[in-house]
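Next comes my_file.cif, a file with mmCIF, C-alpha atoms and all ligand atoms.
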data_data
#
loop_
_atom_site.label_atom_id
_atom_site.label_comp_id
_atom_site.auth_asym_id
_atom_site.auth_seq_id
_atom_site.Cartn_x
_atom_site.Cartn_y
_atom_site.Cartn_z
CA MET A 1 73.75 121.05 77.21
CA GLN A 2 72.21 118.34 75.04
CA TYR A 3 73.21 114.68 74.89
CA TYR A 4 73.13 112.68 71.66
CA SER A 5 73.27 108.94 71.05
CA THR A 6 76.45 107.46 69.57
CA LYS A 7 74.13 105.66 67.12
CA HIS A 8 72.42 108.92 66.04
CA GLN A 9 69.07 107.16 65.49
CA VAL A 10 67.21 109.27 68.08
CA PRO A 11 67.14 113.04 68.71
CA PRO A 12 69.38 114.54 71.43
CA VAL A 13 67.92 114.89 74.95
CA ASN A 14 68.65 117.14 77.92
CA PHE A 15 70.81 116.13 80.89
CA ALA A 16 67.90 115.00 83.08
CA GLU A 17 66.56 112.67 80.37
CA ALA A 18 70.00 111.29 79.58
CA VAL A 19 70.61 110.48 83.24
CA LEU A 20 67.19 108.98 83.95
CA LYS A 21 67.05 106.91 80.77
CA GLY A 22 70.66 105.74 81.04
CA LEU A 23 70.61 104.28 77.52
CA PRO A 24 69.10 105.97 74.45
CA ASP A 25 66.30 104.05 72.66
CA ASP A 26 68.57 103.15 69.74
CA ASN A 27 70.82 101.29 72.19
CA GLY A 28 73.73 103.66 71.63
CA LEU A 29 75.40 105.62 74.45
CA PHE A 30 74.77 109.22 75.46
CA MET A 31 77.49 111.78 74.73
CA PRO A 32 77.54 115.55 75.40
CA THR A 33 77.05 117.56 72.19
CA ALA A 34 80.01 119.73 73.17
CA ILE A 35 82.56 118.88 75.84
CA PRO A 36 83.00 122.14 77.78
CA THR A 37 86.48 123.62 78.09
CA ALA A 38 88.08 124.14 81.49
CA HIS A 39 91.28 126.06 80.75
CA GLU A 40 90.51 128.57 83.49
CA VAL A 41 90.11 125.68 85.97
CA VAL A 42 93.55 124.40 84.96
CA ALA A 43 95.03 127.88 85.46
CA LYS A 44 93.23 128.40 88.77
CA TYR A 45 94.32 125.20 90.48
CA THR A 46 97.86 124.98 89.15
CA ALA A 47 98.26 128.28 91.03
CA LYS A 48 96.34 127.02 94.09
CA PRO A 49 97.87 123.83 95.49
CA GLN A 50 95.71 123.95 98.62
CA HIS A 51 92.18 122.97 97.68
CA THR A 52 89.65 120.28 98.50
CA PHE A 53 88.49 117.68 96.05
CA SER A 54 84.88 118.88 96.22
CA GLU A 55 85.91 122.50 95.62
CA LEU A 56 87.66 121.48 92.41
CA ALA A 57 84.81 119.11 91.51
CA TYR A 58 82.34 121.98 91.75
CA ASP A 59 84.17 124.08 89.16
CA ILE A 60 83.99 121.24 86.64
CA ALA A 61 80.56 119.88 87.56
CA VAL A 62 78.92 123.26 87.10
CA LYS A 63 79.82 123.12 83.40
CA PHE A 64 77.78 119.96 82.93
CA LEU A 65 74.99 120.38 85.47
CA SER A 66 74.00 124.01 84.99
CA PRO A 67 71.23 125.04 84.30
CA THR A 68 69.56 121.70 85.20
CA PHE A 69 70.54 122.43 88.80
CA THR A 70 71.20 125.70 90.61
CA GLU A 71 74.70 126.56 91.80
CA GLN A 72 73.53 125.83 95.34
CA GLU A 73 72.27 122.37 94.33
CA ILE A 74 75.51 121.60 92.49
CA ARG A 75 77.48 122.64 95.57
CA GLU A 76 75.36 120.21 97.67
CA ILE A 77 75.75 117.41 95.13
CA VAL A 78 79.54 117.55 95.12
CA THR A 79 79.98 118.03 98.86
CA THR A 80 77.62 115.15 99.69
CA ALA A 81 79.13 112.91 97.02
CA PHE A 82 82.79 113.56 97.83
CA PRO A 83 83.60 113.69 101.54
CA PHE A 84 86.89 111.94 100.64
CA HIS A 85 89.83 112.75 98.38
CA ALA A 86 92.08 111.20 95.73
CA PRO A 87 95.71 111.42 96.83
CA VAL A 88 98.66 110.75 94.53
CA VAL A 89 101.35 108.64 96.19
CA THR A 90 104.84 108.95 94.74
CA LEU A 91 106.83 105.73 94.45
CA ASP A 92 109.71 107.36 92.56
CA ALA A 93 110.16 110.13 89.98
CA GLN A 94 108.44 108.18 87.21
CA HIS A 95 106.00 106.03 89.16
CA HIS A 96 103.02 107.53 90.92
CA VAL A 97 99.82 105.94 92.18
CA LEU A 98 96.48 107.73 92.21
CA GLU A 99 94.60 106.16 95.12
CA LEU A 100 90.94 106.03 94.18
CA PHE A 101 89.85 103.83 97.08
CA HIS A 102 89.22 106.32 99.86
CA GLY A 103 85.45 106.25 99.35
CA HIS A 104 82.81 104.23 101.18
CA THR A 105 83.24 100.95 99.30
CA LEU A 106 86.98 101.22 98.75
CA ALA A 107 87.01 101.54 94.96
CA PHE A 108 87.00 104.24 92.32
CA LYS A 109 83.39 103.48 91.47
CA ASP A 110 82.37 105.39 94.61
CA PHE A 111 83.13 108.63 92.76
CA GLY A 112 80.73 107.91 89.92
CA ALA A 113 78.08 106.12 91.93
CA ARG A 114 77.77 108.68 94.70
CA PHE A 115 77.62 111.59 92.28
CA MET A 116 75.01 109.78 90.19
CA ALA A 117 72.92 108.97 93.28
CA GLN A 118 72.89 112.63 94.34
CA VAL A 119 71.98 113.78 90.83
CA MET A 120 69.27 111.16 90.34
CA SER A 121 67.62 111.58 93.72
CA ARG A 122 67.21 115.30 92.98
CA LEU A 123 65.83 114.61 89.50
CA VAL A 124 63.39 111.99 90.83
CA ALA A 125 62.24 114.33 93.60
CA LYS A 126 61.40 116.87 90.88
CA SER A 127 59.39 114.37 88.80
CA GLN A 128 57.71 112.39 91.64
CA GLU A 129 57.92 109.11 89.66
CA PRO A 130 59.73 106.19 91.32
CA LEU A 131 62.77 104.87 89.52
CA HIS A 132 64.07 101.29 89.27
CA ILE A 133 67.78 101.00 88.67
CA LEU A 134 69.19 97.83 87.13
CA VAL A 135 72.92 97.33 87.51
CA ALA A 136 75.11 94.48 86.36
CA THR A 137 78.35 94.13 88.26
CA SER A 138 81.54 92.13 88.00
CA GLY A 139 82.44 93.24 91.52
CA ASP A 140 82.87 96.85 92.46
CA THR A 141 80.02 98.53 90.61
CA GLY A 142 77.41 96.71 92.68
CA SER A 143 78.67 97.83 96.05
CA ALA A 144 79.42 101.38 94.98
CA VAL A 145 75.97 101.83 93.41
CA ALA A 146 74.11 100.05 96.20
CA HIS A 147 75.80 102.17 98.86
CA GLY A 148 75.39 105.36 96.84
CA PHE A 149 71.61 104.80 96.71
CA LEU A 150 71.06 103.11 100.06
CA GLY A 151 68.03 104.70 101.71
CA VAL A 152 67.44 107.21 98.89
CA PRO A 153 63.65 107.68 98.62
CA ASN A 154 61.71 106.79 95.43
CA ILE A 155 64.56 104.73 94.02
CA HIS A 156 64.94 100.94 94.07
CA VAL A 157 68.18 99.29 92.99
CA THR A 158 68.47 95.72 91.64
CA VAL A 159 72.04 94.47 91.41
CA LEU A 160 72.84 91.47 89.15
CA TYR A 161 76.12 89.67 89.73
CA PRO A 162 77.73 86.45 88.43
CA SER A 163 77.53 83.66 91.01
CA GLY A 164 80.94 82.61 92.32
CA LYS A 165 82.81 85.20 90.27
CA VAL A 166 83.09 88.06 92.74
CA SER A 167 85.08 87.92 95.95
CA GLU A 168 83.19 87.31 99.19
CA ARG A 169 84.18 90.69 100.52
CA GLN A 170 82.81 92.39 97.41
CA GLU A 171 79.61 90.38 97.61
CA LYS A 172 79.07 91.26 101.26
CA GLN A 173 79.12 94.92 100.43
CA PHE A 174 76.07 94.83 98.16
CA ALA A 175 74.26 91.61 99.08
CA THR A 176 73.71 92.41 102.78
CA LEU A 177 72.03 95.80 102.56
CA GLY A 178 68.29 95.14 102.26
CA GLN A 179 66.05 98.25 102.35
CA ASN A 180 65.76 99.56 98.76
CA ILE A 181 68.53 97.29 97.45
CA THR A 182 67.89 93.81 95.91
CA ALA A 183 70.82 91.57 94.98
CA LEU A 184 70.33 88.85 92.32
CA GLU A 185 72.94 86.11 92.15
CA ILE A 186 72.93 85.00 88.49
CA ALA A 187 74.12 81.55 87.39
CA GLY A 188 76.28 82.92 84.57
CA THR A 189 79.08 85.34 83.71
CA PHE A 190 79.25 89.10 84.02
CA ASP A 191 78.47 89.36 80.31
CA ASP A 192 75.26 87.36 80.94
CA CYS A 193 74.30 89.84 83.67
CA GLN A 194 75.00 92.75 81.36
CA ALA A 195 72.94 91.11 78.60
CA LEU A 196 69.96 90.66 80.97
CA VAL A 197 70.06 94.35 81.88
CA LYS A 198 70.33 95.40 78.24
CA GLN A 199 67.40 93.17 77.26
CA ALA A 200 65.24 94.48 80.11
CA PHE A 201 65.54 97.99 78.70
CA LEU A 202 64.28 96.75 75.33
CA ASP A 203 61.33 94.81 76.81
CA THR A 204 58.12 96.83 76.49
CA ASP A 205 56.23 94.92 79.23
CA LEU A 206 58.93 95.87 81.69
CA THR A 207 59.41 99.42 80.53
CA LYS A 208 55.62 99.99 80.72
CA LYS A 209 55.46 98.73 84.28
CA LEU A 210 58.71 100.10 85.68
CA ARG A 211 60.57 103.30 85.07
CA LEU A 212 63.92 101.65 84.41
CA SER A 213 67.30 103.27 84.56
CA SER A 214 70.84 101.97 84.46
CA ALA A 215 73.71 102.73 86.74
CA ASN A 216 76.59 101.03 85.00
CA SER A 217 79.48 103.05 83.70
CA ILE A 218 77.27 103.63 80.66
CA ASN A 219 75.27 106.24 82.59
CA ILE A 220 76.62 109.66 81.67
CA SER A 221 76.24 110.90 85.26
CA ARG A 222 78.77 108.31 86.39
CA LEU A 223 81.24 109.19 83.72
CA ILE A 224 81.35 112.94 84.30
CA PRO A 225 82.59 112.82 87.94
CA GLN A 226 85.31 110.38 86.99
CA ALA A 227 86.90 113.19 85.00
CA PHE A 228 87.33 115.17 88.25
CA TYR A 229 90.11 113.02 89.68
CA TYR A 230 92.24 113.30 86.56
CA PHE A 231 92.25 117.05 87.23
CA SER A 232 92.98 116.51 90.90
CA ALA A 233 95.87 114.14 90.15
CA TYR A 234 97.31 116.44 87.54
CA PHE A 235 97.46 119.34 90.02
CA GLN A 236 99.31 117.11 92.46
CA VAL A 237 102.13 116.33 90.01
CA HIS A 238 102.32 119.23 87.55
CA HIS A 239 105.23 120.81 89.47
CA LEU A 240 107.41 117.91 88.25
CA ASN A 241 107.37 119.54 84.81
CA GLN A 242 107.28 116.35 82.80
CA PRO A 243 104.64 115.01 80.42
CA VAL A 244 101.85 113.47 82.50
CA VAL A 245 100.65 110.05 81.41
CA PHE A 246 97.73 108.25 83.02
CA VAL A 247 97.77 104.47 83.15
CA VAL A 248 94.22 103.17 83.39
CA PRO A 249 93.52 99.56 84.38
CA SER A 250 90.48 98.93 82.20
CA GLY A 251 87.49 96.66 81.75
CA ASN A 252 84.48 98.51 80.38
CA PHE A 253 86.68 101.55 79.68
CA GLY A 254 84.50 104.04 81.55
CA ASN A 255 87.45 105.25 83.56
CA LEU A 256 89.61 105.77 80.50
CA THR A 257 86.78 107.49 78.62
CA ALA A 258 86.38 109.91 81.55
CA GLY A 259 90.09 110.67 81.24
CA LEU A 260 89.54 111.47 77.57
CA PHE A 261 86.80 113.89 78.64
CA ALA A 262 89.25 115.62 81.01
CA GLN A 263 91.81 115.88 78.24
CA ARG A 264 89.22 117.31 75.81
CA MET A 265 88.30 119.86 78.47
CA GLY A 266 91.85 121.13 78.27
CA LEU A 267 93.73 119.22 80.95
CA PRO A 268 97.27 118.77 79.54
CA ILE A 269 97.45 114.96 79.55
CA HIS A 270 100.24 113.76 77.29
CA GLN A 271 98.94 110.24 76.63
CA PHE A 272 96.86 107.43 78.10
CA VAL A 273 97.98 103.89 78.67
CA ALA A 274 95.15 101.35 78.50
CA ALA A 275 96.12 98.43 80.75
CA THR A 276 94.15 95.19 80.59
CA ASN A 277 94.40 91.63 81.78
CA ALA A 278 93.87 88.73 79.33
CA ASN A 279 90.67 90.49 78.22
CA ASP A 280 92.70 92.48 75.71
CA VAL A 281 90.09 93.53 73.13
CA VAL A 282 91.10 97.21 73.13
CA PRO A 283 94.91 96.77 73.18
CA ALA A 284 94.42 94.26 70.33
CA TYR A 285 92.31 96.81 68.47
CA LEU A 286 95.01 99.46 68.90
CA GLN A 287 97.49 96.98 67.39
CA SER A 288 95.45 95.60 64.53
CA GLY A 289 92.54 97.95 63.89
CA ASN A 290 90.13 95.03 64.36
CA PHE A 291 87.65 95.21 67.18
CA GLN A 292 86.85 91.64 68.13
CA PRO A 293 84.77 91.19 71.28
CA HIS A 294 84.87 87.75 72.86
CA ALA A 295 83.46 85.94 75.87
CA SER A 296 85.07 87.22 79.04
CA ILE A 297 88.09 85.39 80.44
CA GLN A 298 88.34 84.94 84.19
CA THR A 299 91.44 86.47 85.83
CA ILE A 300 92.68 87.60 89.25
CA SER A 301 91.86 91.21 88.31
CA ASN A 302 88.22 90.22 87.91
CA ALA A 303 86.68 93.69 87.78
CA MET A 304 88.31 93.94 84.35
CA ASP A 305 87.05 90.60 83.03
CA VAL A 306 85.11 92.18 80.21
CA GLY A 307 85.07 90.67 76.73
CA ASN A 308 83.02 93.44 75.09
CA PRO A 309 83.85 96.81 76.67
CA SER A 310 80.69 98.91 76.76
CA ASN A 311 82.36 102.31 76.52
CA PHE A 312 84.28 101.48 73.37
CA ALA A 313 81.49 103.12 71.34
CA ARG A 314 82.17 106.39 73.20
CA MET A 315 85.89 106.14 72.52
CA GLN A 316 85.19 105.57 68.82
CA ASP A 317 82.87 108.54 68.88
CA LEU A 318 85.45 110.82 70.52
CA PHE A 319 87.99 109.92 67.85
CA GLN A 320 85.39 109.88 65.06
CA ASN A 321 86.40 106.32 64.21
CA ASN A 322 89.91 107.49 63.36
CA LEU A 323 92.20 104.64 64.40
CA ALA A 324 95.42 106.62 63.87
CA ALA A 325 94.17 109.43 66.11
CA MET A 326 93.29 106.95 68.84
CA GLN A 327 96.66 105.21 68.53
CA LYS A 328 98.43 108.55 68.91
CA ASN A 329 96.69 109.22 72.20
CA ILE A 330 96.26 105.76 73.73
CA VAL A 331 98.86 103.03 74.07
CA GLY A 332 97.57 99.59 75.02
CA TYR A 333 99.17 96.71 76.91
CA SER A 334 97.79 93.49 78.36
CA PHE A 335 99.25 91.15 80.97
CA ASP A 336 98.54 87.67 82.30
CA ASP A 337 97.92 86.69 85.91
CA GLU A 338 101.42 85.40 86.50
CA SER A 339 103.00 88.73 85.56
CA THR A 340 100.38 90.49 87.68
CA ARG A 341 101.31 88.45 90.74
CA LYS A 342 104.98 89.23 90.15
CA ALA A 343 104.21 92.93 89.88
CA ILE A 344 102.44 92.89 93.26
CA ALA A 345 105.63 91.40 94.74
CA THR A 346 107.88 93.87 92.91
CA VAL A 347 105.94 96.90 94.11
CA LYS A 348 106.00 95.57 97.66
CA ASN A 349 109.72 94.76 97.64
CA LYS A 350 110.93 97.80 95.76
CA TYR A 351 108.64 100.49 97.20
CA ASN A 352 107.13 98.90 100.29
CA TYR A 353 103.73 99.71 98.78
CA THR A 354 100.82 97.28 98.67
CA ILE A 355 99.10 97.29 95.30
CA GLU A 356 96.13 95.09 94.35
CA PRO A 357 95.81 93.12 91.07
CA HIS A 358 94.12 95.86 88.98
CA GLY A 359 96.68 98.44 90.01
CA ALA A 360 99.40 95.87 89.40
CA VAL A 361 98.26 95.44 85.79
CA GLY A 362 98.57 99.22 85.54
CA PHE A 363 102.03 99.17 87.09
CA LEU A 364 103.17 96.61 84.50
CA ALA A 365 101.80 98.78 81.70
CA LEU A 366 103.63 101.81 83.08
CA GLU A 367 106.88 99.82 83.19
CA ALA A 368 106.36 98.82 79.56
CA TYR A 369 105.57 102.41 78.57
CA LEU A 370 108.61 103.84 80.36
CA GLN A 371 110.87 101.59 78.27
CA THR A 372 110.21 103.87 75.31
CA HIS A 373 109.20 107.08 77.16
CA PRO A 374 111.57 107.41 80.14
CA GLN A 375 110.97 111.14 80.77
CA THR A 376 107.41 110.71 81.96
CA THR A 377 105.41 111.39 85.08
CA GLY A 378 103.43 108.16 85.08
CA ILE A 379 100.29 107.95 87.19
CA VAL A 380 98.76 104.52 87.69
CA LEU A 381 95.13 104.61 88.76
CA GLU A 382 94.84 102.34 91.79
CA THR A 383 91.21 101.45 91.29
CA ALA A 384 90.57 99.51 94.52
CA HIS A 385 91.92 99.06 98.05
CA PRO A 386 94.15 95.96 98.34
CA VAL A 387 91.83 94.56 101.01
CA LYS A 388 89.19 93.94 98.32
CA PHE A 389 91.53 91.44 96.67
CA TYR A 390 93.27 90.27 99.80
CA GLU A 391 93.46 86.58 98.80
CA VAL A 392 95.88 87.28 95.96
CA VAL A 393 97.67 90.14 97.69
CA GLU A 394 98.29 88.26 100.93
CA GLU A 395 99.40 85.13 99.11
CA VAL A 396 101.97 87.09 97.11
CA THR A 397 103.25 89.45 99.81
CA GLY A 398 102.95 87.08 102.76
CA GLU A 399 101.45 89.90 104.81
CA THR A 400 97.94 90.42 106.09
CA VAL A 401 96.09 93.41 104.66
CA PRO A 402 94.32 95.14 107.56
CA VAL A 403 90.54 95.42 107.10
CA PRO A 404 89.35 99.03 107.27
CA GLU A 405 86.40 99.57 109.57
CA ARG A 406 84.11 100.77 106.78
CA LEU A 407 84.36 97.26 105.30
CA GLN A 408 84.26 95.21 108.51
CA VAL A 409 80.76 96.49 109.29
CA TRP A 410 79.36 94.71 106.20
CA LEU A 411 81.40 91.54 106.53
CA ASP A 412 79.62 90.80 109.78
CA LYS A 413 76.17 90.81 108.13
CA PRO A 414 74.32 87.87 106.47
CA LYS A 415 74.00 87.68 102.68
CA LEU A 416 70.46 88.41 101.42
CA SER A 417 70.80 87.72 97.68
CA ILE A 418 68.29 85.81 95.57
CA PRO A 419 69.64 83.15 93.14
CA LEU A 420 68.37 83.27 89.52
CA GLY A 421 69.23 81.58 86.20
CA LYS A 422 70.69 83.51 83.29
CA ASP A 423 67.58 83.21 81.08
CA PHE A 424 65.74 86.44 80.40
CA ALA A 425 62.27 84.94 80.98
CA GLY A 426 63.06 84.16 84.61
CA PHE A 427 64.57 87.57 85.23
CA LYS A 428 61.60 89.31 83.64
CA GLU A 429 59.15 87.28 85.71
CA PHE A 430 61.01 88.19 88.89
CA LEU A 431 60.80 91.90 88.13
CA MET A 432 57.15 91.78 87.00
CA LYS A 433 56.08 89.90 90.14
CA ASN A 434 58.06 91.77 92.75
CA PHE A 435 57.89 95.40 91.71
C1 LIG A 501 85.41 98.61 87.44
C2 LIG A 501 86.82 98.40 87.78
C3 LIG A 501 87.84 98.51 86.81
C4 LIG A 501 87.53 98.76 85.36
O1 LIG A 501 87.02 100.04 85.13
P1 LIG A 501 86.28 100.39 83.75
O2 LIG A 501 85.81 101.78 83.89
O3 LIG A 501 85.18 99.40 83.60
O4 LIG A 501 87.31 100.23 82.69
C5 LIG A 501 89.14 98.37 87.23
N1 LIG A 501 89.46 98.09 88.51
C6 LIG A 501 88.52 97.95 89.45
C7 LIG A 501 88.93 97.62 90.84
C8 LIG A 501 87.18 98.10 89.13
O5 LIG A 501 86.25 97.96 90.06
#
Taking this structure as input, can you express it in the form of structure tokens?
Ligand SMILES: *Cc1c(COP(=O)(O)O)cnc(C)c1O
Amino acid sequence: MQYYSTKHQVPPVNFAEAVLKGLPDDNGLFMPTAIPTAHEVVAKYTAKPQHTFSELAYDIAVKFLSPTFTEQEIREIVTTAFPFHAPVVTLDAQHHVLELFHGHTLAFKDFGARFMAQVMSRLVAKSQEPLHILVATSGDTGSAVAHGFLGVPNIHVTVLYPSGKVSERQEKQFATLGQNITALEIAGTFDDCQALVKQAFLDTDLTKKLRLSSANSINISRLIPQAFYYFSAYFQVHHLNQPVVFVVPSGNFGNLTAGLFAQRMGLPIHQFVAATNANDVVPAYLQSGNFQPHASIQTISNAMDVGNPSNFARMQDLFQNNLAAMQKNIVGYSFDDESTRKAIATVKNKYNYTIEPHGAVGFLALEAYLQTHPQTTGIVLETAHPVKFYEVVEEVTGETVPVPERLQVWLDKPKLSIPLGKDFAGFKEFLMKNF
């Protein structure tokens, strides 16, 4: 399969090139020329309730990764990437939670990052040329990517994150690793970090010296595996015989875009609900038809503090810039921090379930959606474990969130990050000197 740029200024490339480049030279985003159909996968697993996540993942992955990789290699990629699962927890008939935090760094980004790491390490091994991955993070991307690549030969990862704007527990998960992982603490916002990464890719001195790649949700090899858990969730609820709606707490909209891929492949998803915090660019667009990016606003659901969602170009591409078609398929809502805190309390009191701020924004959006669509199986994507946002969660619920062992290990280690300003010249100099 070939991958084209959403800007159409460069010719399509094969999967390996799309993954290793990350971004096309015209600064668009890679998209598959044809999204493969998976109707037989839907038929197979609706009739087969007992299956593992990696078994299902294989049947979908093979459509994207063959013939770049052999069936044996694809089998290894999915089994190494996904030794965990994505369970749906039922709160009541309408409210379900898809827990995406059972991976190594307790957030949904483990799915994309681990799959990408397995794919890239095999591609790099084939080409023998070391790769330098630049990743900007507002929290969870950094740890998921750093852990996914930790110790992988021929690949170095540099993580950029906004100083003081990620929680300590998030920071500890990517800033303590050492080995082939460098963490840069940038005096700026997440958007500044993202801008530095984007500019690095356009800088010829850097691209001559280093073989750069990206690992943000813009990399197509992170997006593809995120489609897998929509399938998995659907098979866990389809027996309820109601329209299935996915509520996606969103920032850069990679997660929601992956859901659109699953739907295009033939998974019977009735609609999507895009749930945001005060960074409401996409819900506002769905209302008004005007796409107006702005500087990011800081909230308690900080992994969604994105003022210019990078995957919006892919969404536009999937709907061929047809606003009405997008509105028919995606309903948008945004909520402030106060409502989010209340929702954490409501979910705890009503269902005895601990939800973190991103999931709580999703829960609010589902409540709003159910007002007009009561006969719905609503699935909120719980994008992180509550322990990652324990300050807010514990304050609201009055209960301590136990720390899972896979997190405690990192909390006990010293931070190794290097502070840098947000100017490109300083960032460039750092890379030129050190690598
Ligand atoms: C990254 C992230 C999001 C936003 O996902 P996008 O794909 O960028 O929309 C939501 N919640 C958490 C916990 C995240 O880490």
For CA of Pro162 (chain A) and CA of Pro419 (chain A), the interatomic separation in Å (one decimal): 9.9 Å
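Straight-line separation from CA of Leu91 (chain A) to CA of Thr257 (chain A): 25.6 Å.
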Residue nearest His39 (chain A) among A:Pro293, A:Pro243, A:Gly266, A:Gly178 (counting only C-alpha atoms): A:Gly266
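For the pair CA of Val245 (chain A) and CA of Ala275 (chain A), the interatomic distance is 12.5 Å.
You can rank A:Leu160, A:Val166, A:Ile181, A:Leu212 by their closest distance to Leu196 (chain A) using only C-alpha atoms, and at the top of that list sits A:Leu160.
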Select from chain A every residue with an atom at most 7 Å from any atom of ligand LIG 501 (chain A), then for each give the shortest pair of atoms and their distance in Å to one decimal, using all atoms listed in the file, rows by chain and rising number, as JSON lines.
{"residue": "A:Ala107", "atom": "CA", "partner": "A:LIG501", "partner_atom": "C7", "distance": 6.0}
{"residue": "A:Phe108", "atom": "CA", "partner": "A:LIG501", "partner_atom": "O5", "distance": 6.7}
{"residue": "A:Lys109", "atom": "CA", "partner": "A:LIG501", "partner_atom": "O5", "distance": 6.4}
{"residue": "A:Gly139", "atom": "CA", "partner": "A:LIG501", "partner_atom": "O5", "distance": 6.2}
{"residue": "A:Asp140", "atom": "CA", "partner": "A:LIG501", "partner_atom": "O5", "distance": 4.3}
{"residue": "A:Thr141", "atom": "CA", "partner": "A:LIG501", "partner_atom": "C1", "distance": 6.3}
{"residue": "A:Ser217", "atom": "CA", "partner": "A:LIG501", "partner_atom": "O2", "distance": 6.5}
{"residue": "A:Pro249", "atom": "CA", "partner": "A:LIG501", "partner_atom": "C5", "distance": 5.4}
{"residue": "A:Ser250", "atom": "CA", "partner": "A:LIG501", "partner_atom": "O4", "distance": 3.5}
{"residue": "A:Gly251", "atom": "CA", "partner": "A:LIG501", "partner_atom": "O4", "distance": 3.7}
{"residue": "A:Asn252", "atom": "CA", "partner": "A:LIG501", "partner_atom": "O3", "distance": 3.4}
{"residue": "A:Phe253", "atom": "CA", "partner": "A:LIG501", "partner_atom": "O4", "distance": 3.3}
{"residue": "A:Gly254", "atom": "CA", "partner": "A:LIG501", "partner_atom": "O2", "distance": 3.5}
{"residue": "A:Asn255", "atom": "CA", "partner": "A:LIG501", "partner_atom": "O2", "distance": 3.9}
{"residue": "A:Leu256", "atom": "CA", "partner": "A:LIG501", "partner_atom": "O4", "distance": 6.4}
{"residue": "A:Ala303", "atom": "CA", "partner": "A:LIG501", "partner_atom": "C8", "distance": 4.6}
{"residue": "A:Met304", "atom": "CA", "partner": "A:LIG501", "partner_atom": "C4", "distance": 5.0}
{"residue": "A:His358", "atom": "CA", "partner": "A:LIG501", "partner_atom": "N1", "distance": 5.2}
{"residue": "A:Thr383", "atom": "CA", "partner": "A:LIG501", "partner_atom": "C7", "distance": 4.5}
{"residue": "A:Ala384", "atom": "CA", "partner": "A:LIG501", "partner_atom": "C7", "distance": 4.5}
Exercise: region 423-432 of chain A partners within 9 Å, all atoms listed in the file, chain neighbours under 5 positions left out, as a list in words: Asp192, Ala195, Leu196, Gln199, Ala200, Asp203, Asp205, Leu206, Lys209 and Leu210 of chain A
Proximity to Val41 (chain A) - best of A:Ala16, A:Leu267, A:Val247, A:Ile224, all atoms listed in the file: A:Leu267
6 Å contact set for Asn279 (chain A), only C-alpha atoms, chain neighbours under 2 positions out, as a ChimeraX atom specification: /A:277,281,307
Distance query region 2-6 of chain A at most 10 Å, only C-alpha atoms, self and fewer than 3 positions along chain excluded, as a PyMOL selection string: chain A and resi 9-19+23-34+64+220+313-318
Nearby residues, (65.1, 107.5, 94.7) file frame, 7 Å, all atoms listed in the file, as a VMD selection string: chain A and resid 121 124 130 to 131 152 to 156
Neighbours of point (79.6, 98.8, 94.5) within 8 Å, using only C-alpha atoms, written as a PyMOL selection string: chain A and resi 105+107+109-110+113+137+139-147+170+173-174
Surrounding residues of Phe389 (chain A) excluding itself and chain neighbours under 4 positions, 10 Å, all atoms listed in the file, as number ranges by chain: A: 166-170, 300-302, 355-358, 384-385, 393-394, 401
For the selection just defined, write its residues with C-alpha atoms to a file, as a PDB file, in the frame of the given file.
ATOM      1  CA  VAL A 166      83.090  88.060  92.740  1.00  0.00           C
ATOM      2  CA  SER A 167      85.080  87.920  95.950  1.00  0.00           C
ATOM      3  CA  GLU A 168      83.190  87.310  99.190  1.00  0.00           C
ATOM      4  CA  ARG A 169      84.180  90.690 100.520  1.00  0.00           C
ATOM      5  CA  GLN A 170      82.810  92.390  97.410  1.00  0.00           C
ATOM      6  CA  ILE A 300      92.680  87.600  89.250  1.00  0.00           C
ATOM      7  CA  SER A 301      91.860  91.210  88.310  1.00  0.00           C
ATOM      8  CA  ASN A 302      88.220  90.220  87.910  1.00  0.00           C
ATOM      9  CA  ILE A 355      99.100  97.290  95.300  1.00  0.00           C
ATOM     10  CA  GLU A 356      96.130  95.090  94.350  1.00  0.00           C
ATOM     11  CA  PRO A 357      95.810  93.120  91.070  1.00  0.00           C
ATOM     12  CA  HIS A 358      94.120  95.860  88.980  1.00  0.00           C
ATOM     13  CA  ALA A 384      90.570  99.510  94.520  1.00  0.00           C
ATOM     14  CA  HIS A 385      91.920  99.060  98.050  1.00  0.00           C
ATOM     15  CA  VAL A 393      97.670  90.140  97.690  1.00  0.00           C
ATOM     16  CA  GLU A 394      98.290  88.260 100.930  1.00  0.00           C
ATOM     17  CA  VAL A 401      96.090  93.410 104.660  1.00  0.00           C
TER      18      VAL A 401
END
List as a tab-separated table every residue of region 216-270 of chain A that is in contact with region 78-81 of chain A, defined as an atom at most 12 Å from one of its atoms (using all atoms listed in the file), together with the nearest atom pair and the distance in Å rounded to one decimal, sorted by chain and then rising number.
residue	atom	partner	partner_atom	distance
A:Arg222	CA	A:Ala81	CA	11.6
A:Ile224	CA	A:Val78	CA	11.9
A:Pro225	CA	A:Val78	CA	9.1
A:Phe228	CA	A:Val78	CA	10.7
Surrounding residues of Leu240 (chain A) excluding itself and chain neighbours under 5 positions, 10 Å, all atoms listed in the file, as a ChimeraX atom specification: /A:93-94,376-377
